[in-house]
>>> print(open('structure-v3.cif').read())   # mmCIF, C-alpha atoms and all ligand atoms
data_coords
loop_
_atom_site.label_atom_id
_atom_site.label_comp_id
_atom_site.auth_asym_id
_atom_site.auth_seq_id
_atom_site.Cartn_x
_atom_site.Cartn_y
_atom_site.Cartn_z
CA MET A 1 -47.48 -116.91 -234.62
CA ILE A 2 -45.94 -113.66 -233.40
CA PRO A 3 -48.71 -111.50 -231.97
CA SER A 4 -47.00 -108.22 -232.83
CA VAL A 5 -47.39 -109.02 -236.51
CA SER A 6 -50.42 -107.28 -237.89
CA GLY A 7 -51.55 -105.57 -241.04
CA PRO A 8 -51.14 -107.00 -244.51
CA PRO A 9 -49.12 -110.21 -244.94
CA SER A 10 -45.39 -109.72 -245.25
CA PRO A 11 -43.92 -109.84 -248.72
CA PRO A 12 -42.07 -113.08 -249.49
CA SER A 13 -38.31 -112.91 -249.03
CA SER A 14 -35.78 -114.01 -251.59
CA GLY A 15 -36.20 -117.54 -250.26
CA SER A 16 -39.43 -119.49 -250.43
CA ARG A 17 -40.32 -118.98 -246.77
CA VAL A 18 -42.53 -116.04 -245.84
CA GLN A 19 -40.91 -114.06 -243.06
CA PRO A 20 -42.77 -112.22 -240.33
CA ARG A 21 -43.07 -108.51 -240.77
CA ASP A 22 -40.72 -107.68 -237.88
CA ILE A 23 -37.85 -109.42 -239.62
CA VAL A 24 -38.60 -107.94 -243.03
CA GLU A 25 -38.70 -104.46 -241.50
CA LEU A 26 -35.52 -105.02 -239.47
CA LYS A 27 -33.67 -106.04 -242.62
CA ALA A 28 -34.96 -102.96 -244.45
CA LEU A 29 -33.92 -100.78 -241.50
CA ALA A 30 -30.40 -102.22 -241.55
CA GLU A 31 -30.11 -101.31 -245.22
CA ARG A 32 -31.46 -97.81 -244.77
CA GLN A 33 -29.35 -97.09 -241.69
CA PRO A 34 -26.19 -99.24 -241.81
CA GLU A 35 -25.12 -97.96 -238.38
CA LEU A 36 -28.10 -99.91 -236.96
CA ALA A 37 -27.26 -103.13 -238.85
CA PRO A 38 -25.46 -104.88 -235.94
CA ALA A 39 -28.36 -104.16 -233.52
CA ALA A 40 -30.89 -105.26 -236.13
CA ALA A 41 -29.00 -108.51 -236.78
CA LEU A 42 -28.94 -109.28 -233.05
CA GLN A 43 -32.67 -108.57 -232.76
CA ILE A 44 -33.45 -110.85 -235.72
CA ASP A 45 -31.52 -113.74 -234.13
CA LEU A 46 -33.40 -113.26 -230.84
CA ILE A 47 -36.78 -113.15 -232.59
CA GLU A 48 -35.94 -116.31 -234.55
CA ALA A 49 -35.02 -118.20 -231.37
CA VAL A 50 -38.29 -117.24 -229.67
CA ARG A 51 -40.40 -117.95 -232.76
CA ARG A 52 -39.36 -121.58 -232.87
CA VAL A 53 -40.72 -122.11 -229.36
CA GLN A 54 -43.77 -119.90 -229.92
CA GLY A 55 -44.96 -122.27 -232.62
CA ARG A 56 -45.47 -125.11 -230.16
CA ILE A 57 -47.09 -123.32 -227.23
CA THR A 58 -50.53 -124.49 -226.20
CA THR A 59 -53.22 -122.03 -225.20
CA PRO A 60 -53.39 -121.71 -221.43
CA TRP A 61 -56.65 -122.29 -219.60
CA ILE A 62 -57.62 -119.48 -217.27
CA GLU A 63 -60.45 -120.17 -214.95
CA ALA A 64 -61.30 -116.66 -213.77
CA SER A 65 -64.47 -115.18 -215.28
CA ALA A 66 -64.59 -111.76 -216.95
CA ASP A 67 -66.33 -110.44 -213.82
CA THR A 68 -63.58 -111.67 -211.50
CA LEU A 69 -60.92 -110.22 -213.78
CA ASN A 70 -62.69 -106.86 -214.00
CA VAL A 71 -63.05 -106.63 -210.22
CA ARG A 72 -59.33 -107.22 -209.94
CA LEU A 73 -58.53 -104.57 -212.53
CA SER A 74 -60.78 -101.96 -210.95
CA GLY A 75 -59.01 -102.64 -207.65
CA GLY A 76 -55.71 -101.79 -209.34
CA GLN A 77 -54.43 -105.38 -209.32
CA PRO A 78 -52.57 -106.68 -212.38
CA LEU A 79 -54.08 -109.96 -213.56
CA LEU A 80 -51.25 -112.39 -214.09
CA GLU A 81 -49.90 -114.53 -211.32
CA PHE A 82 -46.80 -116.61 -211.75
CA ALA A 83 -48.63 -119.86 -211.04
CA GLN A 84 -51.09 -119.21 -213.90
CA ILE A 85 -48.39 -119.06 -216.55
CA ALA A 86 -48.06 -122.46 -218.21
CA PHE A 87 -44.29 -122.58 -218.66
CA ASP A 88 -42.79 -125.54 -220.44
CA TRP A 89 -39.59 -125.66 -218.44
CA ASN A 90 -37.70 -127.71 -221.03
CA ASP A 91 -38.36 -125.01 -223.59
CA VAL A 92 -37.56 -122.22 -221.12
CA ARG A 93 -34.21 -123.96 -220.51
CA LEU A 94 -33.64 -124.32 -224.23
CA LEU A 95 -34.45 -120.65 -224.84
CA THR A 96 -32.24 -119.50 -221.97
CA ARG A 97 -29.36 -121.36 -223.59
CA GLN A 98 -30.12 -120.18 -227.11
CA VAL A 99 -30.64 -116.53 -226.17
CA THR A 100 -27.38 -116.63 -224.20
CA ASP A 101 -25.62 -118.08 -227.26
CA VAL A 102 -27.04 -115.33 -229.48
CA LEU A 103 -25.82 -112.63 -227.07
CA ARG A 104 -22.39 -114.26 -226.92
CA ARG A 105 -22.18 -114.62 -230.71
CA HIS A 106 -22.95 -110.92 -231.10
CA GLU A 107 -20.40 -110.11 -228.38
CA VAL A 108 -22.95 -108.51 -226.08
CA ILE A 109 -21.63 -110.62 -223.20
CA ASP A 110 -18.25 -112.16 -222.40
CA ALA A 111 -17.52 -115.88 -222.04
CA ALA A 112 -17.70 -115.85 -218.22
CA THR A 113 -21.16 -114.23 -218.26
CA ALA A 114 -22.35 -116.69 -220.88
CA ALA A 115 -21.18 -119.57 -218.67
CA ALA A 116 -23.03 -118.10 -215.67
CA LEU A 117 -26.22 -117.70 -217.73
CA HIS A 118 -25.94 -121.24 -219.08
CA ALA A 119 -25.63 -122.48 -215.49
CA VAL A 120 -28.88 -120.69 -214.57
CA GLY A 121 -30.59 -122.37 -217.52
CA ARG A 122 -29.43 -125.82 -216.42
CA SER A 123 -30.08 -125.35 -212.72
CA PRO A 124 -32.95 -127.19 -211.02
CA THR A 125 -33.80 -123.84 -209.39
CA LEU A 126 -34.55 -122.15 -212.75
CA PRO A 127 -38.31 -121.89 -211.96
CA ASP A 128 -37.47 -120.02 -208.73
CA VAL A 129 -35.15 -117.68 -210.61
CA VAL A 130 -37.88 -117.00 -213.18
CA ARG A 131 -40.39 -116.40 -210.38
CA GLY A 132 -38.04 -113.86 -208.75
CA TRP A 133 -37.66 -112.12 -212.09
CA PHE A 134 -41.41 -112.13 -212.74
CA GLU A 135 -42.25 -110.83 -209.27
CA GLN A 136 -39.49 -108.25 -209.57
CA HIS A 137 -37.32 -109.26 -206.67
CA PRO A 138 -34.42 -110.98 -208.46
CA ALA A 139 -32.11 -113.10 -206.35
CA LEU A 140 -29.15 -113.40 -208.73
CA GLU A 141 -26.81 -110.69 -209.97
CA ILE A 142 -25.70 -111.73 -213.44
CA ASP A 143 -25.19 -109.32 -216.30
CA MET A 144 -28.08 -109.50 -218.82
CA LEU A 145 -29.98 -112.08 -216.77
CA ASP A 146 -33.16 -109.96 -216.88
CA GLU A 147 -32.92 -109.67 -220.64
CA VAL A 148 -32.29 -113.39 -221.13
CA LEU A 149 -35.22 -114.35 -218.89
CA GLY A 150 -37.36 -111.72 -220.61
CA TRP A 151 -36.83 -113.40 -223.98
CA ALA A 152 -37.11 -116.94 -222.59
CA ALA A 153 -40.37 -116.24 -220.72
CA ARG A 154 -41.99 -113.97 -223.30
CA PRO A 155 -43.78 -116.61 -225.37
CA TYR A 156 -45.62 -117.80 -222.24
CA LEU A 157 -46.36 -114.34 -220.85
CA GLN A 158 -47.57 -113.15 -224.22
CA ARG A 159 -49.83 -116.10 -224.83
CA THR A 160 -51.39 -115.89 -221.36
CA ALA A 161 -51.86 -112.12 -221.72
CA GLU A 162 -53.60 -112.69 -225.07
CA VAL A 163 -56.07 -115.04 -223.45
CA LEU A 164 -56.78 -112.48 -220.73
CA GLN A 165 -57.34 -109.77 -223.31
CA GLN A 166 -59.98 -111.82 -225.03
CA ARG A 167 -61.97 -111.52 -221.80
CA VAL A 168 -61.31 -108.03 -220.48
CA SER A 169 -60.30 -104.64 -221.85
CA PHE A 170 -57.26 -102.73 -220.57
CA ASP A 171 -58.42 -99.41 -222.04
CA ARG A 172 -59.41 -97.85 -218.73
CA TRP A 173 -56.57 -99.22 -216.62
CA GLY A 174 -54.66 -95.92 -216.65
CA ARG A 175 -51.89 -96.99 -214.27
CA ARG A 176 -48.14 -96.94 -214.61
CA VAL A 177 -47.55 -100.70 -214.71
CA CYS A 178 -48.79 -103.40 -217.05
CA PRO A 179 -52.35 -104.57 -216.24
CA ALA A 180 -51.37 -108.12 -217.16
CA CYS A 181 -47.89 -108.74 -215.72
CA ALA A 182 -47.16 -105.64 -213.56
CA ALA A 183 -43.96 -104.69 -215.42
CA GLU A 184 -43.02 -101.14 -216.39
CA PRO A 185 -43.77 -99.85 -219.87
CA GLU A 186 -40.89 -99.97 -222.34
CA PHE A 187 -42.38 -98.00 -225.21
CA SER A 188 -45.50 -96.08 -226.13
CA VAL A 189 -47.82 -95.34 -229.01
CA ILE A 190 -49.48 -92.04 -229.81
CA THR A 191 -52.82 -92.88 -231.38
CA MET A 192 -54.55 -91.12 -234.28
CA ASN A 193 -56.49 -88.88 -231.89
CA GLY A 194 -53.46 -87.98 -229.78
CA ASP A 195 -54.07 -90.38 -226.90
CA ARG A 196 -51.23 -92.42 -225.53
CA GLN A 197 -50.91 -96.15 -224.99
CA LEU A 198 -48.07 -97.64 -222.99
CA VAL A 199 -46.52 -100.92 -224.13
CA CYS A 200 -45.28 -103.54 -221.66
CA GLY A 201 -41.66 -104.51 -222.12
CA ARG A 202 -42.33 -108.08 -220.99
CA CYS A 203 -45.67 -109.25 -222.40
CA HIS A 204 -46.19 -106.48 -224.99
CA VAL A 205 -49.71 -105.70 -223.76
CA ARG A 206 -50.85 -102.11 -224.32
CA TRP A 207 -52.96 -99.89 -222.11
CA GLY A 208 -54.21 -96.32 -222.08
CA TYR A 209 -52.36 -93.72 -220.00
CA ASN A 210 -52.38 -89.94 -219.55
CA ALA A 211 -50.82 -88.42 -222.69
CA ILE A 212 -48.59 -86.02 -220.74
CA ALA A 213 -47.61 -87.60 -217.42
CA CYS A 214 -44.36 -89.53 -216.89
CA PRO A 215 -45.19 -93.25 -216.75
CA TYR A 216 -42.31 -93.90 -214.34
CA CYS A 217 -42.90 -91.33 -211.58
CA GLY A 218 -46.30 -89.84 -212.43
CA ASN A 219 -45.00 -86.26 -212.80
CA ASP A 220 -47.58 -84.38 -214.89
CA ASP A 221 -46.03 -80.92 -214.85
CA ARG A 222 -45.70 -80.24 -218.57
CA THR A 223 -42.91 -77.69 -218.00
CA ARG A 224 -40.76 -80.42 -216.44
CA ILE A 225 -41.08 -82.86 -219.35
CA ARG A 226 -38.96 -82.25 -222.40
CA SER A 227 -39.82 -83.74 -225.74
CA MET A 228 -37.71 -84.52 -228.80
CA ALA A 229 -38.64 -86.12 -232.12
CA THR A 230 -36.96 -87.63 -235.13
CA PRO A 231 -36.87 -85.32 -238.19
CA ASP A 232 -39.76 -87.23 -239.81
CA GLY A 233 -41.79 -86.97 -236.60
CA MET A 234 -42.44 -90.71 -236.59
CA TYR A 235 -40.76 -91.24 -233.23
CA ARG A 236 -40.85 -89.03 -230.16
CA VAL A 237 -39.26 -89.19 -226.75
CA ALA A 238 -40.50 -87.59 -223.52
CA ILE A 239 -37.81 -86.93 -220.92
CA CYS A 240 -38.94 -86.38 -217.33
CA ALA A 241 -36.85 -83.94 -215.25
CA PRO A 242 -37.91 -85.10 -211.74
CA CYS A 243 -37.03 -88.80 -212.24
CA GLY A 244 -34.57 -88.48 -215.12
CA ARG A 245 -36.20 -91.28 -217.10
CA TYR A 246 -37.68 -91.16 -220.57
CA ILE A 247 -40.09 -93.05 -222.77
CA LYS A 248 -40.04 -93.36 -226.53
CA ALA A 249 -43.14 -93.35 -228.71
CA LEU A 250 -44.29 -94.24 -232.18
CA ASP A 251 -46.53 -91.42 -233.43
CA THR A 252 -49.11 -93.23 -235.56
CA ARG A 253 -50.27 -89.88 -236.97
CA LYS A 254 -46.96 -89.73 -238.84
CA THR A 255 -46.73 -93.25 -240.24
CA THR A 256 -48.85 -95.73 -242.14
CA ARG A 257 -47.74 -98.78 -240.21
CA PRO A 258 -48.70 -100.05 -236.75
CA LEU A 259 -46.28 -100.52 -233.88
CA LEU A 260 -43.73 -103.27 -234.48
CA LEU A 261 -42.12 -103.22 -231.07
CA TYR A 262 -39.07 -105.30 -231.97
CA VAL A 263 -38.37 -103.02 -234.93
CA ASP A 264 -39.24 -99.74 -233.24
CA LEU A 265 -36.94 -100.44 -230.29
CA ILE A 266 -34.01 -100.72 -232.71
CA ALA A 267 -35.10 -97.90 -235.03
CA THR A 268 -35.17 -95.53 -232.04
CA LEU A 269 -31.64 -96.29 -230.78
CA PRO A 270 -30.48 -92.92 -232.24
CA LEU A 271 -33.08 -91.25 -229.97
CA ASP A 272 -31.57 -92.98 -226.94
CA ALA A 273 -28.20 -91.64 -228.00
CA ALA A 274 -29.67 -88.15 -228.43
CA VAL A 275 -31.18 -88.27 -224.93
CA MET A 276 -27.85 -89.40 -223.48
CA LYS A 277 -26.05 -86.58 -225.25
CA ALA A 278 -28.59 -83.98 -224.09
CA ASN A 279 -28.31 -85.22 -220.49
CA ASN A 280 -24.53 -84.89 -220.55
CA LYS A 281 -24.60 -81.28 -221.60
ZN ZN B 1 -46.89 -107.05 -219.22
ZN ZN B 2 -40.65 -89.21 -214.19
#
>>> encode(input="structure-v3.cif", output="structure tokens")
Amino acid sequence: MIPSVSGPPSPPSSGSRVQPRDIVELKALAERQPELAPAAALQIDLIEAVRRVQGRITTPWIEASADTLNVRLSGGQPLLEFAQIAFDWNDVRLLTRQVTDVLRRHEVIDAATAAALHAVGRSPTLPDVVRGWFEQHPALEIDMLDEVLGWAARPYLQRTAEVLQQRVSFDRWGRRVCPACAAEPEFSVITMNGDRQLVCGRCHVRWGYNAIACPYCGNDDRTRIRSMATPDGMYRVAICAPCGRYIKALDTRKTTRPLLLYVDLIATLPLDAAVMKANNK
């Protein structure tokens, strides 16, 4: 099951199989905005590869009590340690290969890069490479390696983060990195009452954060943060002058559907382009 799927069940596709909502919405997006069709098709292939593995993941056992976890959180320590994540290395290898093949098929990477990524997937040192990626001190310089490992590790990170969230709440975390896996946010959600939640790019956990401040450098001077929105107001972007980075958001006050991260990342590609254009002026 894909955790980001929520709300009413997806409508059946033309085939007999019921597709997850992310895929249904990505297909609809590609029809509405043909310029996004190639990116949507790539995203669908990546989701499909991960879904096959997700179906056979067992629920990890985490020994720490809610009290222990809460003490850690109030001390500002993210919860997940590499050793706690129950990777099935055969499946991680399989996913590394499949995700690489998808990227190659969609011509995101060249043949030499694909060969280098395949070699990482086959190598006996793969667990060390994944650890370096998880702990954010990567040892290898290969184009798209972070992305490939992100997709290959996500089922395990997500499942472990889900188990943690059944025990503790991340509502009051308020920091700039993910309370589960310590990664930076990749997206955000503006809630019905105008609060902001950040969304982890790795494990997709969400946590509350100051609605104005930059989640990358902490700048909270409103006059130094510029904001743009799509014409329908559904998506916004906040661009921080001091650090030059920006974060996109789904404004749930302007839409009837919840965040579908895989879809919203693609649907907001025109916003990335707009930010790039504005920065080059
Ligand atoms: Zn995370
Ligand atoms: Zn900033």
>>> closest_atom_pairs(input="structure-v3.cif", of="chain A", to="ligand ZN 2 (chain B)", cutoff="12 Å", atoms="all atoms listed in the file", output="CSV")
residue,atom,partner,partner_atom,distance
A:Arg176,CA,B:ZN2,ZN,10.8
A:Ile212,CA,B:ZN2,ZN,10.8
A:Ala213,CA,B:ZN2,ZN,7.8
A:Cys214,CA,B:ZN2,ZN,4.6
A:Pro215,CA,B:ZN2,ZN,6.6
A:Tyr216,CA,B:ZN2,ZN,5.0
A:Cys217,CA,B:ZN2,ZN,4.0
A:Gly218,CA,B:ZN2,ZN,6.0
A:Asn219,CA,B:ZN2,ZN,5.4
A:Asp220,CA,B:ZN2,ZN,8.5
A:Asp221,CA,B:ZN2,ZN,9.9
A:Arg222,CA,B:ZN2,ZN,11.2
A:Arg224,CA,B:ZN2,ZN,9.1
A:Ile225,CA,B:ZN2,ZN,8.2
A:Arg226,CA,B:ZN2,ZN,10.9
A:Ala238,CA,B:ZN2,ZN,9.5
A:Ile239,CA,B:ZN2,ZN,7.7
A:Cys240,CA,B:ZN2,ZN,4.6
A:Ala241,CA,B:ZN2,ZN,6.6
A:Pro242,CA,B:ZN2,ZN,5.5
A:Cys243,CA,B:ZN2,ZN,4.1
A:Gly244,CA,B:ZN2,ZN,6.2
A:Arg245,CA,B:ZN2,ZN,5.7
A:Tyr246,CA,B:ZN2,ZN,7.3
A:Ile247,CA,B:ZN2,ZN,9.4
>>> write_last_selection(input="structure-v3.cif", atoms="C-alpha atoms", output="PDB file, keeping the file's coordinate frame")
ATOM      1  CA  ARG A 176     -48.140 -96.940-214.610  1.00  0.00           C
ATOM      2  CA  ILE A 212     -48.590 -86.020-220.740  1.00  0.00           C
ATOM      3  CA  ALA A 213     -47.610 -87.600-217.420  1.00  0.00           C
ATOM      4  CA  CYS A 214     -44.360 -89.530-216.890  1.00  0.00           C
ATOM      5  CA  PRO A 215     -45.190 -93.250-216.750  1.00  0.00           C
ATOM      6  CA  TYR A 216     -42.310 -93.900-214.340  1.00  0.00           C
ATOM      7  CA  CYS A 217     -42.900 -91.330-211.580  1.00  0.00           C
ATOM      8  CA  GLY A 218     -46.300 -89.840-212.430  1.00  0.00           C
ATOM      9  CA  ASN A 219     -45.000 -86.260-212.800  1.00  0.00           C
ATOM     10  CA  ASP A 220     -47.580 -84.380-214.890  1.00  0.00           C
ATOM     11  CA  ASP A 221     -46.030 -80.920-214.850  1.00  0.00           C
ATOM     12  CA  ARG A 222     -45.700 -80.240-218.570  1.00  0.00           C
ATOM     13  CA  ARG A 224     -40.760 -80.420-216.440  1.00  0.00           C
ATOM     14  CA  ILE A 225     -41.080 -82.860-219.350  1.00  0.00           C
ATOM     15  CA  ARG A 226     -38.960 -82.250-222.400  1.00  0.00           C
ATOM     16  CA  ALA A 238     -40.500 -87.590-223.520  1.00  0.00           C
ATOM     17  CA  ILE A 239     -37.810 -86.930-220.920  1.00  0.00           C
ATOM     18  CA  CYS A 240     -38.940 -86.380-217.330  1.00  0.00           C
ATOM     19  CA  ALA A 241     -36.850 -83.940-215.250  1.00  0.00           C
ATOM     20  CA  PRO A 242     -37.910 -85.100-211.740  1.00  0.00           C
ATOM     21  CA  CYS A 243     -37.030 -88.800-212.240  1.00  0.00           C
ATOM     22  CA  GLY A 244     -34.570 -88.480-215.120  1.00  0.00           C
ATOM     23  CA  ARG A 245     -36.200 -91.280-217.100  1.00  0.00           C
ATOM     24  CA  TYR A 246     -37.680 -91.160-220.570  1.00  0.00           C
ATOM     25  CA  ILE A 247     -40.090 -93.050-222.770  1.00  0.00           C
TER      26      ILE A 247
END
>>> residues_near_ligand(input="structure-v3.cif", ligand="ligand ZN 1 (chain B)", cutoff="12 Å", atoms="all atoms listed in the file", output="PDB file with C-alpha atoms, in the coordinates of the input")
ATOM      1  CA  PRO A  78     -52.570-106.680-212.380  1.00  0.00           C
ATOM      2  CA  LEU A  79     -54.080-109.960-213.560  1.00  0.00           C
ATOM      3  CA  LEU A  80     -51.250-112.390-214.090  1.00  0.00           C
ATOM      4  CA  GLU A  81     -49.900-114.530-211.320  1.00  0.00           C
ATOM      5  CA  PHE A 134     -41.410-112.130-212.740  1.00  0.00           C
ATOM      6  CA  GLU A 135     -42.250-110.830-209.270  1.00  0.00           C
ATOM      7  CA  GLY A 150     -37.360-111.720-220.610  1.00  0.00           C
ATOM      8  CA  ALA A 153     -40.370-116.240-220.720  1.00  0.00           C
ATOM      9  CA  ARG A 154     -41.990-113.970-223.300  1.00  0.00           C
ATOM     10  CA  PRO A 155     -43.780-116.610-225.370  1.00  0.00           C
ATOM     11  CA  TYR A 156     -45.620-117.800-222.240  1.00  0.00           C
ATOM     12  CA  LEU A 157     -46.360-114.340-220.850  1.00  0.00           C
ATOM     13  CA  GLN A 158     -47.570-113.150-224.220  1.00  0.00           C
ATOM     14  CA  ARG A 159     -49.830-116.100-224.830  1.00  0.00           C
ATOM     15  CA  THR A 160     -51.390-115.890-221.360  1.00  0.00           C
ATOM     16  CA  ALA A 161     -51.860-112.120-221.720  1.00  0.00           C
ATOM     17  CA  GLU A 162     -53.600-112.690-225.070  1.00  0.00           C
ATOM     18  CA  LEU A 164     -56.780-112.480-220.730  1.00  0.00           C
ATOM     19  CA  GLN A 165     -57.340-109.770-223.310  1.00  0.00           C
ATOM     20  CA  PHE A 170     -57.260-102.730-220.570  1.00  0.00           C
ATOM     21  CA  ARG A 176     -48.140 -96.940-214.610  1.00  0.00           C
ATOM     22  CA  VAL A 177     -47.550-100.700-214.710  1.00  0.00           C
ATOM     23  CA  CYS A 178     -48.790-103.400-217.050  1.00  0.00           C
ATOM     24  CA  PRO A 179     -52.350-104.570-216.240  1.00  0.00           C
ATOM     25  CA  ALA A 180     -51.370-108.120-217.160  1.00  0.00           C
ATOM     26  CA  CYS A 181     -47.890-108.740-215.720  1.00  0.00           C
ATOM     27  CA  ALA A 182     -47.160-105.640-213.560  1.00  0.00           C
ATOM     28  CA  ALA A 183     -43.960-104.690-215.420  1.00  0.00           C
ATOM     29  CA  GLU A 184     -43.020-101.140-216.390  1.00  0.00           C
ATOM     30  CA  PRO A 185     -43.770 -99.850-219.870  1.00  0.00           C
ATOM     31  CA  GLU A 186     -40.890 -99.970-222.340  1.00  0.00           C
ATOM     32  CA  PHE A 187     -42.380 -98.000-225.210  1.00  0.00           C
ATOM     33  CA  LEU A 198     -48.070 -97.640-222.990  1.00  0.00           C
ATOM     34  CA  VAL A 199     -46.520-100.920-224.130  1.00  0.00           C
ATOM     35  CA  CYS A 200     -45.280-103.540-221.660  1.00  0.00           C
ATOM     36  CA  GLY A 201     -41.660-104.510-222.120  1.00  0.00           C
ATOM     37  CA  ARG A 202     -42.330-108.080-220.990  1.00  0.00           C
ATOM     38  CA  CYS A 203     -45.670-109.250-222.400  1.00  0.00           C
ATOM     39  CA  HIS A 204     -46.190-106.480-224.990  1.00  0.00           C
ATOM     40  CA  VAL A 205     -49.710-105.700-223.760  1.00  0.00           C
ATOM     41  CA  ARG A 206     -50.850-102.110-224.320  1.00  0.00           C
ATOM     42  CA  TRP A 207     -52.960 -99.890-222.110  1.00  0.00           C
TER      43      TRP A 207
END
>>> closest_residue(input="structure-v3.cif", among="A:Val102, A:Ala249, A:Ala30, A:Ile62", to="A:Thr191", atoms="all atoms listed in the file")
A:Ala249
>>> closest_residue(input="structure-v3.cif", among="A:Asp232, A:Asp45, A:Glu31, A:Glu25", to="A:Arg104", atoms="only C-alpha atoms")
A:Asp45
>>> atom_distance(input="structure-v3.cif", atom1="atom CA of A:Ala278", atom2="atom CA of A:Val189")
22.9 Å
>>> closest_residue(input="structure-v3.cif", among="A:Leu260, A:Leu36, A:Ala66, A:Ile44", to="A:Gln19", atoms="all atoms listed in the file")
A:Ile44
>>> atom_distance(input="structure-v3.cif", atom1="atom CA of A:Leu42", atom2="atom CA of A:Thr113")
17.4 Å
>>> residues_around(input="structure-v3.cif", residues="A:Glu48", least_positions_apart="2", cutoff="12 Å", atoms="only C-alpha atoms", output="compact mmCIF listing (two decimals) with C-alpha atoms, keeping the file's coordinate frame")
# COMPACT_ATOMS: atom_id res chain seq x y z
CA MET A 1 -47.48 -116.91 -234.62
CA ILE A 2 -45.94 -113.66 -233.40
CA GLN A 19 -40.91 -114.06 -243.06
CA PRO A 20 -42.77 -112.22 -240.33
CA ASP A 22 -40.72 -107.68 -237.88
CA ILE A 23 -37.85 -109.42 -239.62
CA ALA A 41 -29.00 -108.51 -236.78
CA LEU A 42 -28.94 -109.28 -233.05
CA GLN A 43 -32.67 -108.57 -232.76
CA ILE A 44 -33.45 -110.85 -235.72
CA ASP A 45 -31.52 -113.74 -234.13
CA LEU A 46 -33.40 -113.26 -230.84
CA VAL A 50 -38.29 -117.24 -229.67
CA ARG A 51 -40.40 -117.95 -232.76
CA ARG A 52 -39.36 -121.58 -232.87
CA VAL A 53 -40.72 -122.11 -229.36
CA GLN A 54 -43.77 -119.90 -229.92
CA GLY A 55 -44.96 -122.27 -232.62
CA LEU A 95 -34.45 -120.65 -224.84
CA GLN A 98 -30.12 -120.18 -227.11
CA VAL A 99 -30.64 -116.53 -226.17
CA VAL A 102 -27.04 -115.33 -229.48
CA TRP A 151 -36.83 -113.40 -223.98
CA TYR A 262 -39.07 -105.30 -231.97
>>> closest_residue(input="structure-v3.cif", among="A:Thr252, A:Thr68, A:Ser169, A:Thr100", to="A:Ala112", atoms="all atoms listed in the file")
A:Thr100
>>> atom_distance(input="structure-v3.cif", atom1="atom CA of A:Arg32", atom2="atom CA of A:Pro270")
13.5 Å
>>> closest_residue(input="structure-v3.cif", among="A:Pro60, A:Asn280, A:Ile190, A:Thr268", to="A:Leu250", atoms="all atoms listed in the file")
A:Ile190
>>> residues_around(input="structure-v3.cif", residues="A:Ala211", least_positions_apart="3", cutoff="9 Å", atoms="only C-alpha atoms", output="list in words")
Ile190, Gly194, Asp195, Arg196, Gln197, Gly208 and Cys214 of chain A
>>> closest_residue(input="structure-v3.cif", among="A:Asp88, A:Ala39, A:Leu94, A:Arg131", to="A:Thr59", atoms="all atoms listed in the file")
A:Asp88
>>> residues_around(input="structure-v3.cif", residues="A:Leu117", least_positions_apart="6", cutoff="10 Å", atoms="only C-alpha atoms", output="MDAnalysis selection string")
chainID A and resid 96:97 99:101 111 123 142:145 148:149
